[in-house]
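The structure appears right after this line, and notes come after that.
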Amino acid sequence: TALRFDILTIFPEFFSSVLCYGVVARALQTGIATVHTTDLRDFTTDRHRTVDDRPFGGGEGMVLKPEPIFAAADALGITPKPNRDTKRETVIMLTPQGRPFTQAVARTLALTERVVLLCGRYEGVDQRVIDHLCDRQLSIGDYVLSGGELAAAAVVDATVRLLPGVLGNADSSHYESFGLSADGAAADADTPLAVSPAAGLLDYPHYTRPAEFRGWAIPDVLAGGNHTEIRRWRRERALETTLQNRPDLLREEDLTREDRKILGK
Ligand code: ADE
């Protein structure tokens, strides 16, 4: 059955112009996943449709009120926290205070039936929403966006593209085969040394035709047809890029003797 996303936001229109491209759009069109947006202002009770208020204790900025958020959650039939089976249904707040959103988190969400994404705004959200409605908080990176909407779209995109039946994934709802196909690069038996962020290394460089463009030739090895050499070259470049840009991803225990030689360790 389809993975359902519920997005709670004060800017529902944002999501009608994002998630409309490529494999994600295709997955939503074919019903592999569904995205429902809920306007928090529809769950206010005052004339001005107020969703925020001043912080207790003083200070800068405004805080999202708890009432519209809990009212929306109730209306959507979101299971109250003590009874919620978070393997099936999970409520996530997008905030720079959250734990890092990673490929591993996306793989977990892809196994869920319903993912509720709460988009924070202003200077914060009433803590009782975090404590009594949310299962976890996620951040998409160490920078501050003006709201959680862009982060929610990133979570939907990264998760949907892993679902069985989405272009490039095995069309299977079986967990084992899905677990493998969800990480295509690592699971593909024909490319044992292929790398991707999911495999722990950054990607290697890619080239397509023409073989020479404005005097810039592709690396000879890629046109040579020696697949052992090509794999080795790609592994070298992946290790090199990872060492340069993300040394934090290089785990000693994942390196082969060959890798250590390449890195000069
Ligand atoms: N809201 C604002 N900044 C964010 C971030 N970096 N990740 C998730 N939600 C956010």
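Labeling convention for the structure tokens: chains A, B, ... as they appear, residues from 1 per chain, ligands from 1 in order of appearance.
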
| task | Write out as a count of residues only all residues of region 65-150 of chain A that DSSP puts in helix (DSSP H, G or I) for this structure's backbone. | result | 29

Show me a table, sorted first by chain and then by increasing residue number, of the residues of chain A having an atom at most 10 Å from ligand 1, each with its shortest atom pair and the distance in Å to one decimal, counting only C-alpha atoms and all ligand atoms and written as JSON lines.
```
{"residue": "A:Met93", "atom": "CA", "partner": "ligand 1", "partner_atom_place_in_ligand_line": "9 (N)", "distance": 7.6}
{"residue": "A:Leu94", "atom": "CA", "partner": "ligand 1", "partner_atom_place_in_ligand_line": "9 (N)", "distance": 3.9}
{"residue": "A:Thr95", "atom": "CA", "partner": "ligand 1", "partner_atom_place_in_ligand_line": "9 (N)", "distance": 3.4}
{"residue": "A:Pro96", "atom": "CA", "partner": "ligand 1", "partner_atom_place_in_ligand_line": "5 (C)", "distance": 4.1}
{"residue": "A:Gln97", "atom": "CA", "partner": "ligand 1", "partner_atom_place_in_ligand_line": "7 (N)", "distance": 7.7}
{"residue": "A:Gly98", "atom": "CA", "partner": "ligand 1", "partner_atom_place_in_ligand_line": "8 (C)", "distance": 7.0}
{"residue": "A:Arg99", "atom": "CA", "partner": "ligand 1", "partner_atom_place_in_ligand_line": "7 (N)", "distance": 9.1}
{"residue": "A:Pro100", "atom": "CA", "partner": "ligand 1", "partner_atom_place_in_ligand_line": "7 (N)", "distance": 8.2}
{"residue": "A:Phe101", "atom": "CA", "partner": "ligand 1", "partner_atom_place_in_ligand_line": "7 (N)", "distance": 8.2}
{"residue": "A:Leu118", "atom": "CA", "partner": "ligand 1", "partner_atom_place_in_ligand_line": "9 (N)", "distance": 9.4}
{"residue": "A:Cys119", "atom": "CA", "partner": "ligand 1", "partner_atom_place_in_ligand_line": "9 (N)", "distance": 7.3}
{"residue": "A:Gly120", "atom": "CA", "partner": "ligand 1", "partner_atom_place_in_ligand_line": "1 (N)", "distance": 6.1}
{"residue": "A:Arg121", "atom": "CA", "partner": "ligand 1", "partner_atom_place_in_ligand_line": "1 (N)", "distance": 7.1}
{"residue": "A:Tyr122", "atom": "CA", "partner": "ligand 1", "partner_atom_place_in_ligand_line": "2 (C)", "distance": 9.1}
{"residue": "A:Glu123", "atom": "CA", "partner": "ligand 1", "partner_atom_place_in_ligand_line": "2 (C)", "distance": 9.4}
{"residue": "A:Gly124", "atom": "CA", "partner": "ligand 1", "partner_atom_place_in_ligand_line": "1 (N)", "distance": 9.3}
{"residue": "A:Gln137", "atom": "CA", "partner": "ligand 1", "partner_atom_place_in_ligand_line": "8 (C)", "distance": 8.3}
{"residue": "A:Leu138", "atom": "CA", "partner": "ligand 1", "partner_atom_place_in_ligand_line": "8 (C)", "distance": 5.9}
{"residue": "A:Ser139", "atom": "CA", "partner": "ligand 1", "partner_atom_place_in_ligand_line": "7 (N)", "distance": 3.5}
{"residue": "A:Ile140", "atom": "CA", "partner": "ligand 1", "partner_atom_place_in_ligand_line": "7 (N)", "distance": 4.1}
{"residue": "A:Gly141", "atom": "CA", "partner": "ligand 1", "partner_atom_place_in_ligand_line": "6 (N)", "distance": 4.6}
{"residue": "A:Asp142", "atom": "CA", "partner": "ligand 1", "partner_atom_place_in_ligand_line": "6 (N)", "distance": 5.6}
{"residue": "A:Tyr143", "atom": "CA", "partner": "ligand 1", "partner_atom_place_in_ligand_line": "6 (N)", "distance": 4.9}
{"residue": "A:Val144", "atom": "CA", "partner": "ligand 1", "partner_atom_place_in_ligand_line": "3 (N)", "distance": 4.0}
{"residue": "A:Leu145", "atom": "CA", "partner": "ligand 1", "partner_atom_place_in_ligand_line": "3 (N)", "distance": 3.7}
{"residue": "A:Ser146", "atom": "CA", "partner": "ligand 1", "partner_atom_place_in_ligand_line": "2 (C)", "distance": 5.5}
{"residue": "A:Gly147", "atom": "CA", "partner": "ligand 1", "partner_atom_place_in_ligand_line": "1 (N)", "distance": 4.5}
{"residue": "A:Gly148", "atom": "CA", "partner": "ligand 1", "partner_atom_place_in_ligand_line": "1 (N)", "distance": 3.9}
{"residue": "A:Glu149", "atom": "CA", "partner": "ligand 1", "partner_atom_place_in_ligand_line": "1 (N)", "distance": 7.4}
{"residue": "A:Leu150", "atom": "CA", "partner": "ligand 1", "partner_atom_place_in_ligand_line": "9 (N)", "distance": 7.5}
{"residue": "A:Ala151", "atom": "CA", "partner": "ligand 1", "partner_atom_place_in_ligand_line": "8 (C)", "distance": 4.9}
{"residue": "A:Ala152", "atom": "CA", "partner": "ligand 1", "partner_atom_place_in_ligand_line": "9 (N)", "distance": 7.3}
{"residue": "A:Ala154", "atom": "CA", "partner": "ligand 1", "partner_atom_place_in_ligand_line": "8 (C)", "distance": 9.2}
{"residue": "A:Val155", "atom": "CA", "partner": "ligand 1", "partner_atom_place_in_ligand_line": "8 (C)", "distance": 9.3}
```

| Separation of CA of Ile78 (chain A) from CA of Ile32 (chain A), in Å and rounded to one decimal |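 Going from CA of Ile78 (chain A) over to CA of Ile32 (chain A) covers 20.8 Å.
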
| field | Shell around Leu239 (chain A) at 8 Å using only C-alpha atoms, local window under 6 positions removed, as number ranges by chain | value | A: 201-202, 259, 262-263

Written selection (C-alpha atoms) as a PDB file, in the first residue's frame:
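What ended up in result16.pdb:
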```
ATOM      1  CA  LEU A 201      31.699   7.208   0.256  1.00  0.00           C
ATOM      2  CA  LEU A 202      30.975  10.124  -2.023  1.00  0.00           C
ATOM      3  CA  ASP A 259      42.006   1.607  -0.307  1.00  0.00           C
ATOM      4  CA  ILE A 262      45.350   4.599  -2.572  1.00  0.00           C
ATOM      5  CA  LEU A 263      45.046   6.967   0.384  1.00  0.00           C
TER       6      LEU A 263
END
```

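Between Asp203 (chain A) and the residues A:Asp254, A:Glu229, A:Thr241, A:Arg49, the shortest atom-to-atom distance, using only C-alpha atoms, involves A:Thr241.
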
| query | A:Arg107, A:Arg251, A:Arg128, A:Lys81: which is nearest Asp157 (chain A), counting only C-alpha atoms? | reply |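 That would be A:Arg107, the residue with the smallest distance to Asp157 (chain A).
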
| request: as a list in words, list the residues of region 78-219 of chain A assigned to strand (DSSP E or B) by DSSP on the backbone atoms of this structure. | output: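 Restricting region 78-219 of chain A to strand (DSSP E or B) produces Glu89, Thr90, Val91, Ile92, Met93, Leu94, Thr95, Pro96, Gln97, Gly98, Arg99, Pro100, Arg114, Val115, Val116, Leu117, Leu118, Cys119, Gly124, Val125, Arg136, Gln137, Leu138, Ser139, Glu212, Phe213, Trp216 and Ala217 of chain A.
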